[in-house]
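Have a look at coords_37.txt; it's compact mmCIF, C-alpha atoms:
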# COMPACT_ATOMS: atom_id res chain seq x y z
CA MET A 77 27.29 7.98 8.36
CA SER A 78 25.43 11.23 7.81
CA VAL A 79 25.13 13.64 4.97
CA ARG A 80 24.04 17.20 5.18
CA THR A 81 22.59 19.21 2.31
CA VAL A 82 20.75 22.47 2.49
CA GLY A 83 17.83 21.97 4.87
CA LYS A 84 18.16 18.17 4.98
CA TYR A 85 20.09 15.85 7.22
CA VAL A 86 20.42 12.22 6.14
CA MET A 87 21.41 9.71 8.80
CA GLN A 88 22.16 6.12 7.97
CA VAL A 89 20.82 3.68 10.53
CA PRO A 90 23.51 0.99 11.04
CA GLY A 91 22.69 -2.57 10.03
CA SER A 92 23.52 -3.82 13.50
CA LEU A 93 22.84 -1.73 16.54
CA ASP A 94 23.76 -2.31 20.19
CA ASP A 95 22.98 -0.07 23.17
CA ARG A 96 26.16 1.96 22.71
CA ASP A 97 25.40 2.46 19.01
CA CYS A 98 21.83 3.57 19.83
CA THR A 99 23.09 6.14 22.29
CA ALA A 100 25.68 7.46 19.83
CA PHE A 101 23.08 7.58 17.05
CA LEU A 102 20.62 9.56 19.12
CA ASP A 103 23.36 11.90 20.36
CA GLU A 104 24.26 12.64 16.74
CA LEU A 105 20.60 13.25 15.94
CA ARG A 106 20.19 15.68 18.84
CA LYS A 107 23.28 17.60 17.72
CA ALA A 108 21.85 17.80 14.19
CA LEU A 109 18.47 18.97 15.44
CA LYS A 110 20.14 21.96 17.14
CA ASP A 111 20.85 23.29 13.61
CA ARG A 112 17.10 23.09 12.89
CA PRO A 113 17.23 21.28 9.55
CA ARG A 114 14.05 21.28 7.50
CA GLU A 115 14.01 17.51 7.38
CA VAL A 116 15.82 14.54 8.86
CA ILE A 117 15.92 11.42 6.72
CA LEU A 118 16.69 8.04 8.25
CA ASP A 119 18.34 5.91 5.59
CA CYS A 120 17.32 2.35 6.51
CA SER A 121 19.04 0.64 3.58
CA GLN A 122 21.49 -1.24 5.80
CA ILE A 123 18.82 -2.84 7.97
CA GLU A 124 18.50 -6.35 6.59
CA TYR A 125 16.94 -7.79 9.75
CA ALA A 126 15.09 -5.40 12.04
CA SER A 127 16.06 -5.85 15.70
CA PRO A 128 14.33 -4.48 18.82
CA SER A 129 17.17 -1.94 18.99
CA HIS A 130 16.33 -0.71 15.51
CA VAL A 131 12.67 -0.31 16.41
CA SER A 132 13.35 1.55 19.65
CA THR A 133 15.97 3.78 18.01
CA ILE A 134 13.58 4.71 15.20
CA CYS A 135 10.80 5.44 17.69
CA LEU A 136 13.12 7.58 19.82
CA ALA A 137 14.34 9.42 16.72
CA HIS A 138 10.71 10.06 15.76
CA ALA A 139 10.02 11.45 19.23
CA GLU A 140 13.12 13.68 19.16
CA CYS A 141 12.16 15.15 15.79
CA LEU A 142 8.55 15.62 16.85
CA HIS A 143 9.74 17.48 19.94
CA ALA A 144 12.08 19.64 17.83
CA GLY A 145 9.37 20.35 15.26
CA VAL A 146 11.45 18.85 12.45
CA ALA A 147 9.99 16.60 9.75
CA LEU A 148 11.28 13.03 9.77
CA SER A 149 11.31 10.74 6.75
CA MET A 150 12.50 7.21 6.40
CA SER A 151 13.97 5.87 3.20
CA SER A 152 14.93 2.52 1.72
CA LEU A 153 12.95 0.37 4.14
CA LYS A 154 13.40 -3.28 3.35
CA ARG A 155 10.46 -5.65 3.65
CA SER A 156 11.61 -7.08 6.99
CA LEU A 157 11.62 -3.69 8.70
CA LYS A 158 8.24 -2.79 7.21
CA ARG A 159 6.83 -6.09 8.43
CA VAL A 160 8.16 -5.64 11.97
CA LEU A 161 6.85 -2.08 12.21
CA THR A 162 3.47 -3.16 10.82
CA SER A 163 3.15 -6.07 13.25
CA LEU A 164 3.83 -3.68 16.13
CA ASP A 165 1.21 -1.28 14.78
CA LEU A 166 3.93 1.31 14.32
CA TYR A 167 4.20 1.47 10.54
CA ASP A 168 1.15 3.60 9.87
CA TYR A 169 1.94 5.77 12.90
CA LEU A 170 5.60 6.38 12.07
CA ILE A 171 5.32 6.62 8.33
CA ARG A 172 1.96 8.22 7.78
CA ASP A 173 0.92 10.14 10.86
CA GLY A 174 2.49 13.04 12.60
CA ASN A 175 5.67 14.42 11.17
CA THR A 176 6.73 11.36 9.26
CA ALA A 177 5.00 11.61 5.94
CA HIS A 178 6.89 9.53 3.43
CA THR A 179 9.21 6.62 3.20
CA GLU A 180 11.21 8.63 0.73
CA SER A 181 11.98 12.31 0.61
CA THR A 182 9.51 14.07 -1.63
CA ASP A 183 12.25 16.22 -3.14
CA ASN A 184 13.88 13.03 -4.30
CA ILE A 185 10.85 12.09 -6.40
CA ALA A 186 10.72 15.47 -8.15
CA THR A 187 14.49 15.32 -8.72
CA GLN A 188 14.30 11.84 -10.20
CA LEU A 189 11.72 12.93 -12.76
CA GLN A 190 13.56 16.04 -13.87
CA ASP A 191 14.05 16.00 -17.65
CA ARG A 192 12.69 12.48 -17.93
CA SER A 193 10.11 11.37 -20.44
CA PRO A 194 7.58 8.75 -19.44
CA GLU A 195 7.89 5.19 -20.72
CA LEU A 196 4.11 5.02 -20.97
CA HIS A 197 1.39 7.64 -20.93
CA ILE A 198 -2.27 6.63 -20.64
CA GLU A 199 -5.22 8.97 -20.81
CA PHE A 200 -8.42 7.44 -19.56
CA ARG A 201 -12.00 8.40 -18.95
CA PRO A 202 -12.82 8.09 -15.25
CA THR A 203 -15.38 5.38 -15.85
CA ALA A 204 -15.31 1.73 -14.80
CA GLN A 205 -14.40 0.68 -18.35
CA GLY A 206 -11.86 3.46 -18.67
CA VAL A 207 -10.10 2.30 -15.51
CA HIS A 208 -10.12 -1.34 -16.65
CA ASP A 209 -8.73 -0.46 -20.08
CA ALA A 210 -5.98 1.68 -18.55
CA MET A 211 -5.12 -1.09 -16.12
CA ALA A 212 -4.86 -3.60 -18.96
CA GLU A 213 -2.41 -1.30 -20.72
CA LEU A 214 -0.37 -0.91 -17.56
CA ASN A 215 -0.41 -4.66 -17.05
CA THR A 216 0.98 -5.24 -20.56
CA TYR A 217 3.72 -2.69 -19.97
CA LEU A 218 4.75 -4.24 -16.64
CA ARG A 219 4.90 -7.74 -18.11
CA ASN A 220 6.98 -6.56 -21.05
CA SER A 221 9.31 -4.64 -18.75
CA GLY A 222 10.15 -7.83 -16.84
CA SER A 223 8.99 -6.63 -13.44
CA ALA A 224 8.63 -9.34 -10.80
CA GLU A 225 5.11 -10.71 -10.48
CA VAL A 226 4.57 -9.54 -6.90
CA GLU A 227 5.74 -6.01 -7.65
CA SER A 228 3.58 -5.85 -10.79
CA LEU A 229 0.58 -6.94 -8.74
CA GLU A 230 1.32 -4.26 -6.14
CA ILE A 231 1.66 -1.55 -8.78
CA GLU A 232 -1.52 -2.62 -10.57
CA THR A 233 -3.47 -2.77 -7.32
CA ALA A 234 -2.26 0.67 -6.26
CA PHE A 235 -3.11 1.99 -9.73
CA TYR A 236 -6.63 0.54 -9.52
CA GLU A 237 -7.27 2.05 -6.10
CA ILE A 238 -6.09 5.52 -7.15
CA ALA A 239 -7.85 5.43 -10.53
CA THR A 240 -11.08 4.21 -8.95
CA ASN A 241 -10.90 6.97 -6.38
CA VAL A 242 -10.54 9.43 -9.26
CA ARG A 243 -13.50 7.82 -11.00
CA LEU A 244 -15.75 7.90 -7.96
CA HIS A 245 -15.05 11.55 -7.23
CA SER A 246 -14.91 12.97 -10.75
CA GLN A 247 -17.57 15.15 -12.30
CA PRO A 248 -19.41 13.35 -15.08
CA GLY A 249 -18.96 14.75 -18.58
CA PRO A 250 -16.62 14.72 -21.56
CA GLU A 251 -14.24 17.23 -19.93
CA SER A 252 -13.45 14.78 -17.23
CA VAL A 253 -10.23 13.05 -18.20
CA ALA A 254 -7.47 11.57 -16.12
CA SER A 255 -4.04 10.33 -17.03
CA VAL A 256 -1.22 8.28 -15.67
CA ALA A 257 2.39 8.48 -16.83
CA VAL A 258 4.87 5.74 -15.99
CA PHE A 259 8.50 6.67 -15.44
CA GLU A 260 11.36 4.25 -14.94
CA VAL A 261 13.98 5.51 -12.51
CA GLU A 262 17.14 3.89 -11.19
CA ASP A 263 15.55 2.02 -8.36
CA GLY A 264 11.95 1.67 -9.38
CA ILE A 265 8.91 2.98 -11.11
CA ILE A 266 7.08 6.25 -10.58
CA LEU A 267 3.46 6.65 -11.60
CA LYS A 268 2.23 10.19 -12.06
CA PHE A 269 -1.54 10.59 -11.89
CA VAL A 270 -3.18 13.78 -13.13
CA ASP A 271 -6.87 14.54 -12.79
CA SER A 272 -9.13 17.57 -12.88
CA ARG A 273 -11.13 16.97 -9.71
CA PRO A 274 -11.40 19.50 -6.91
CA PRO A 275 -8.30 19.52 -4.72
CA PHE A 276 -7.69 16.25 -2.93
CA ASP A 277 -4.40 15.45 -1.22
CA PRO A 278 -4.37 11.79 -0.13
CA THR A 279 -1.00 12.21 1.59
CA ARG A 280 -2.69 14.35 4.22
CA GLU A 281 -5.38 11.78 4.98
CA GLN A 282 -4.78 10.11 8.32
CA VAL A 283 -5.38 6.44 7.75
CA ARG A 284 -4.46 3.78 10.22
CA PHE A 285 -5.73 0.35 9.29
CA ASP A 286 -6.09 -2.08 12.17
CA PRO A 287 -7.22 -5.46 10.80
CA ALA A 288 -8.61 -6.68 14.14
CA ASN A 289 -10.74 -3.57 14.58
CA ALA A 290 -11.69 -3.56 10.91
CA ILE A 291 -13.19 -7.02 11.31
CA LYS A 292 -14.76 -6.24 14.67
CA ASN A 293 -16.42 -3.09 13.32
CA GLY A 294 -17.29 -4.49 9.90
CA GLN A 295 -15.22 -1.79 8.20
CA ARG A 296 -16.11 -1.42 4.56
CA ARG A 297 -14.62 1.95 3.66
CA ARG A 298 -11.31 3.83 3.80
CA ILE A 299 -9.42 0.63 3.10
CA GLY A 300 -8.18 1.67 -0.34
CA LEU A 301 -5.96 4.50 0.83
CA ALA A 302 -4.49 2.32 3.59
CA MET A 303 -3.72 -0.31 0.96
CA VAL A 304 -2.03 2.18 -1.34
CA LYS A 305 0.13 3.57 1.43
CA ARG A 306 1.32 0.08 2.32
CA LEU A 307 1.84 -1.02 -1.27
CA VAL A 308 4.04 1.86 -2.40
CA ASP A 309 7.27 3.32 -1.12
CA ALA A 310 6.44 6.99 -1.55
CA LEU A 311 3.52 9.29 -2.28
CA TYR A 312 3.84 12.93 -3.24
CA TYR A 313 1.03 15.33 -4.08
CA GLU A 314 0.92 18.74 -5.64
CA ARG A 315 -1.78 20.94 -7.09
CA GLU A 316 -0.88 22.16 -10.58
CA ASN A 317 -1.96 25.58 -11.86
CA GLY A 318 -4.83 25.54 -9.39
CA ARG A 319 -6.66 23.10 -11.67
CA PHE A 320 -5.15 19.64 -11.48
CA ASN A 321 -4.38 17.13 -8.78
CA VAL A 322 -0.99 15.56 -9.43
CA LEU A 323 -0.13 12.47 -7.43
CA TYR A 324 3.22 10.73 -7.69
CA LEU A 325 3.47 7.20 -6.49
CA LYS A 326 6.82 5.41 -6.32
CA LYS A 327 7.40 1.70 -6.13
CA ARG A 328 10.88 0.24 -5.73
CA ILE A 329 11.55 -2.60 -8.12
CA SER A 330 13.88 -5.51 -7.58
CA ILE A 331 16.23 -6.67 -10.33
CA ARG A 332 14.24 -7.08 -13.51
CA GLU A 333 14.51 -10.26 -15.53
CA GLY A 334 17.40 -9.95 -17.95
CA GLN A 335 19.19 -7.35 -15.85
CA THR A 336 22.31 -8.01 -13.81
CA HIS A 337 23.10 -6.31 -10.55
CA ASP A 338 25.82 -3.67 -10.85
CA HIS A 339 27.82 -4.28 -7.64
CA SER A 340 30.10 -1.35 -8.38
CA ARG A 341 27.15 0.87 -7.47
CA ASP A 342 26.64 -0.69 -4.05
CA SER A 343 27.61 1.68 -1.25
CA MET B 119 -21.67 -12.38 -11.23
CA ILE B 120 -21.44 -14.06 -7.81
CA THR B 121 -22.49 -17.68 -8.11
CA GLN B 122 -23.87 -19.64 -5.17
CA GLU B 123 -23.71 -23.35 -4.36
CA ILE B 124 -25.45 -24.84 -1.37
CA VAL B 125 -23.40 -27.52 0.38
CA ASP B 126 -25.80 -28.37 3.20
CA GLU B 127 -28.11 -26.62 5.61
CA THR B 128 -25.23 -24.88 7.37
CA ARG B 129 -22.84 -24.16 4.49
CA ILE B 130 -22.96 -22.25 1.24
CA VAL B 131 -20.22 -21.46 -1.26
CA LEU B 132 -20.04 -18.09 -3.01
CA ASN B 133 -17.79 -17.67 -6.03
CA PRO B 134 -16.91 -14.17 -7.22
CA GLY B 135 -15.08 -15.38 -10.34
CA ALA B 136 -11.93 -13.69 -11.60
CA ALA B 137 -12.28 -10.35 -9.84
CA LEU B 138 -13.78 -8.95 -6.67
CA ASP B 139 -13.61 -5.20 -7.11
CA ASN B 140 -15.78 -2.11 -7.33
CA ASP B 141 -17.80 -3.68 -10.15
CA ASN B 142 -19.18 -6.53 -8.06
CA ALA B 143 -18.37 -5.77 -4.41
CA HIS B 144 -21.96 -4.73 -3.84
CA GLU B 145 -23.12 -8.05 -5.27
CA MET B 146 -20.84 -9.90 -2.86
CA ALA B 147 -22.25 -7.87 0.03
CA ASP B 148 -25.78 -8.71 -1.10
CA ALA B 149 -24.89 -12.40 -1.45
CA LEU B 150 -23.37 -12.48 2.04
CA SER B 151 -26.35 -10.70 3.51
CA GLY B 152 -28.72 -13.08 1.75
CA ALA B 153 -26.79 -16.13 2.94
CA ARG B 154 -26.95 -14.86 6.51
CA GLU B 155 -30.67 -14.23 6.26
CA ARG B 156 -31.21 -17.79 5.04
CA GLY B 157 -29.38 -19.05 8.11
CA TYR B 158 -26.09 -20.35 6.68
CA ARG B 159 -23.53 -20.30 9.47
CA PHE B 160 -20.50 -21.06 7.33
CA ILE B 161 -20.12 -19.03 4.19
CA VAL B 162 -17.25 -20.17 2.00
CA ILE B 163 -15.88 -17.73 -0.54
CA ASP B 164 -14.24 -19.75 -3.28
CA MET B 165 -11.24 -17.72 -4.39
CA SER B 166 -9.70 -20.36 -6.65
CA ALA B 167 -10.43 -18.36 -9.80
CA LEU B 168 -9.81 -14.94 -8.26
CA GLN B 169 -7.12 -12.93 -10.00
CA PHE B 170 -7.79 -9.49 -8.58
CA LEU B 171 -9.01 -8.28 -5.21
CA SER B 172 -9.58 -4.60 -4.50
CA SER B 173 -10.27 -2.71 -1.29
CA ALA B 174 -13.97 -2.63 -2.12
CA GLY B 175 -13.96 -6.41 -2.44
CA ILE B 176 -12.18 -6.74 0.88
CA GLY B 177 -14.64 -4.34 2.50
CA SER B 178 -17.60 -6.33 1.20
CA ILE B 179 -16.29 -9.36 3.12
CA LEU B 180 -15.17 -7.56 6.27
CA GLY B 181 -18.66 -6.18 6.67
CA TYR B 182 -19.97 -9.63 7.62
CA VAL B 183 -17.16 -11.60 9.28
CA GLU B 184 -17.81 -10.53 12.85
CA MET B 185 -21.55 -11.06 12.50
CA GLN B 186 -21.00 -14.62 11.30
CA ARG B 187 -18.59 -15.32 14.13
CA ASP B 188 -20.99 -13.88 16.68
CA ASP B 189 -23.55 -16.39 15.41
CA GLY B 190 -21.14 -19.28 15.89
CA GLY B 191 -20.11 -19.48 12.25
CA ASP B 192 -17.52 -17.89 10.02
CA ILE B 193 -16.63 -16.68 6.57
CA VAL B 194 -13.94 -18.90 5.07
CA LEU B 195 -11.71 -17.77 2.22
CA MET B 196 -11.01 -20.91 0.23
CA ASN B 197 -8.10 -21.56 -2.11
CA PRO B 198 -6.77 -18.06 -2.66
CA SER B 199 -3.79 -17.92 -5.01
CA GLU B 200 -0.43 -16.58 -3.82
CA LYS B 201 -1.28 -13.25 -5.46
CA ILE B 202 -4.54 -12.86 -3.56
CA LEU B 203 -2.95 -14.06 -0.34
CA HIS B 204 -0.27 -11.43 -0.80
CA ILE B 205 -2.90 -8.68 -1.01
CA LEU B 206 -4.48 -9.94 2.21
CA GLU B 207 -1.03 -9.97 3.82
CA VAL B 208 -0.43 -6.35 2.86
CA LEU B 209 -3.23 -5.45 5.25
CA ASP B 210 -2.31 -8.24 7.71
CA LEU B 211 -5.77 -9.67 7.20
CA HIS B 212 -4.38 -13.20 6.69
CA GLU B 213 -3.78 -13.24 10.46
CA TYR B 214 -7.39 -12.48 11.30
CA LEU B 215 -9.47 -14.05 8.54
CA THR B 216 -10.02 -17.77 8.11
CA VAL B 217 -8.10 -18.86 5.04
CA ARG B 218 -8.06 -22.45 3.87
CA GLY B 219 -6.77 -24.53 1.01
CA ASN B 220 -3.61 -22.62 0.08
CA ASN B 221 -0.03 -23.82 0.44
CA ARG B 222 0.44 -21.84 3.65
CA GLU B 223 -2.76 -23.09 5.28
CA LYS B 224 -3.08 -22.41 8.98
CA VAL B 225 -3.43 -25.48 11.15
CA SER B 226 -6.34 -24.94 13.51
Written as structure tokens, how would this file's structure read?
Amino acid sequence: MSVRTVGKYVMQVPGSLDDRDCTAFLDELRKALKDRPREVILDCSQIEYASPSHVSTICLAHAECLHAGVALSMSSLKRSLKRVLTSLDLYDYLIRDGNTAHTESTDNIATQLQDRSPELHIEFRPTAQGVHDAMAELNTYLRNSGSAEVESLEIETAFYEIATNVRLHSQPGPESVASVAVFEVEDGIILKFVDSRPPFDPTREQVRFDPANAIKNGQRRRIGLAMVKRLVDALYYERENGRFNVLYLKKRISIREGQTHDHSRDS
Amino acid sequence: MITQEIVDETRIVLNPGAALDNDNAHEMADALSGARERGYRFIVIDMSALQFLSSAGIGSILGYVEMQRDDGGDIVLMNPSEKILHILEVLDLHEYLTVRGNNREKVS
């Protein structure tokens, strides 16, 4: 199934894929690339169990888009696919390097926040205590919202890494303030960080974390950004009014306690 | 504060408490360095009370693992909770670090 909107071409990767399906999928992709879309998005929501065919098809799609000079995104990756790609050392390469920048289209994040008010807004001084106080407030919010423990941990950890990065690279002084706003969207939570540091776009940083090499080389730095990129489902950066770094970080959330799953919305 | 407990002439236990993050990662690095200098081959990091582990905390440990292994020893992460183990798994470090005492303990 594929959907075309202006500049974007969304292709759903089938849940099961044999050689004939792979060939047909790639043929469809090549046809789409002839129209030079701005972006191709591989919707991976149907991949419950990632097979070798899925991995090779995704890699070939990545290569086709790279060759055509078209950006490739992947959306709705389930944990099993992420795990397989990570174990093959492909996750960081496919998702973060080269053309593939996000696991979710960046336009989608901006669209989801249109006309929404945050559930929580925290201003904090970029100091160690400021970060800890903000994190405690976030922690209380996540517990009260019924988020699963693992997802709360992932959000808090990502928050800490981003906020600490802000702290370490902020100018000292009373003018230095940062904030984080928490938005609830249909399928997750979006954190919007704003700070007044010089421009810094973490989405452009090439980070590839190899645990074996990290241990061999005694790596002590540049782990935080690698962690954040693996913990969250999307990152989007923009510079606001030439003065503020704005970083959006999206985390998909499973069914919250007390909620029921609306099957009528399943595709 | 990182506490230290000597087990015997080859082993020492370091305990970071509830958090190993940017506030005390440098202390952990100093404690590991000190333990190495005093000749302890096996450095156990007791994670039973650890509730939060940041990248700085992870980096403070990674800085010394290979050196310990080159000297015929190791750094052992003892009794991490499921939460802490999950953070290690995010970076696939559970496959490369020596972790003991949790429910999913590797059999050597």
### Query
So what do you get for atom CA of Val183 of chain B versus atom CA of Glu213 of chain B, distance-wise?
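About the pair atom CA of Val183 of chain B and atom CA of Glu213 of chain B: they are 13.5 Å apart.
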Could the residues of chain B within 7 Å of chain A, counting all atoms listed in the file, be given as a compact mmCIF listing (two decimals) with C-alpha atoms, in the coordinates of the input, please?
# COMPACT_ATOMS: atom_id res chain seq x y z
CA SER B 172 -9.58 -4.60 -4.50
CA SER B 173 -10.27 -2.71 -1.29
CA GLY B 177 -14.64 -4.34 2.50
CA SER B 178 -17.60 -6.33 1.20
CA LEU B 180 -15.17 -7.56 6.27
CA GLY B 181 -18.66 -6.18 6.67
CA TYR B 182 -19.97 -9.63 7.62
CA VAL B 183 -17.16 -11.60 9.28
CA GLU B 184 -17.81 -10.53 12.85
CA VAL B 208 -0.43 -6.35 2.86
CA LEU B 209 -3.23 -5.45 5.25
CA ASP B 210 -2.31 -8.24 7.71
CA LEU B 211 -5.77 -9.67 7.20
CA TYR B 214 -7.39 -12.48 11.30
#### Entry: Selection near Leu323 of chain A, 7 Å with all atoms listed in the file, sequence-local residues under 6 positions removed, as a list in words
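Listed by chain and then number, they are Lys268, Phe269, Val270, Tyr312, Tyr313 and Glu314 of chain A.
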### Query
So how many Å separate atom CA of Glu200 of chain B and atom CA of Ile238 of chain A, to one decimal?
23.1 Å
#### Entry: Within-12 Å shell of (19.1, -7.3, 2.2) in input frame, only C-alpha atoms, as a PyMOL selection string
chain A and resi 91+120-126+152-157+330+342
#### Entry: Distance query segment 209-217 of chain A at most 8 Å, only C-alpha atoms, self and fewer than 4 positions along chain excluded, as a list in words
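The filter keeps Leu196, Ile198, Glu199, Phe200, Gln205, Ser221, Ser228, Glu232, Phe235 and Tyr236 of chain A.
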### Message
Taking 2 positions as the minimum chain separation for residues in the same chain, which residues sit within 10 Å of Ala144 of chain A when counting only C-alpha atoms? Answer as a list in words.
### Response
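Skipping anything fewer than 2 positions along the chain leaves Arg106, Leu109, Lys110, Arg112, Pro113, His138, Ala139, Glu140, Cys141, Leu142, Val146 and Ala147 of chain A.
Using all atoms listed in the file for every distance, the candidate list B:Leu215, B:Ile120, B:Ile163, B:Leu171 yields B:Leu171 as the residue closest to Leu138 of chain B.
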### Task
Between atom CA of Leu168 of chain B and atom CA of Lys158 of chain A, measure the distance and give it in Å to one decimal.
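About the pair atom CA of Leu168 of chain B and atom CA of Lys158 of chain A: they are 26.7 Å apart.
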### Message
So that I can check the surroundings of Ala167 of chain B, please list as a list in words every protein, DNA and RNA residue that reaches within 10 Å of it, counting all atoms listed in the file and ignoring chain neighbours fewer than 3 positions away.
### Response
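Within the cut-off, the hits are Asn133, Pro134, Gly135, Ala136, Ala137, Asp164, Phe170, Asn197, Pro198 and Ser199 of chain B.
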### Query
Contacts of Asp189 of chain B at 12 Å or less, counting all atoms listed in the file, minus same-chain residues fewer than 5 places along, as a PyMOL selection string?
chain B and resi 128+154-155+157-160+182-184
### Task
Give the answer as one residue: which of A:Pro275, A:Pro202, A:Gly222, A:Gly264 has the shortest atom-to-atom distance to Ile185 of chain A, using all atoms listed in the file?
A:Gly264
Centre and edges of the segment 84-99 of chain A box, axis-aligned, 8 Å extra per side, as lines of an AutoDock Vina configuration file:
center_x = 22.2
center_y = 7.2
center_z = 14.1
size_x = 24.0
size_y = 38.0
size_z = 34.2
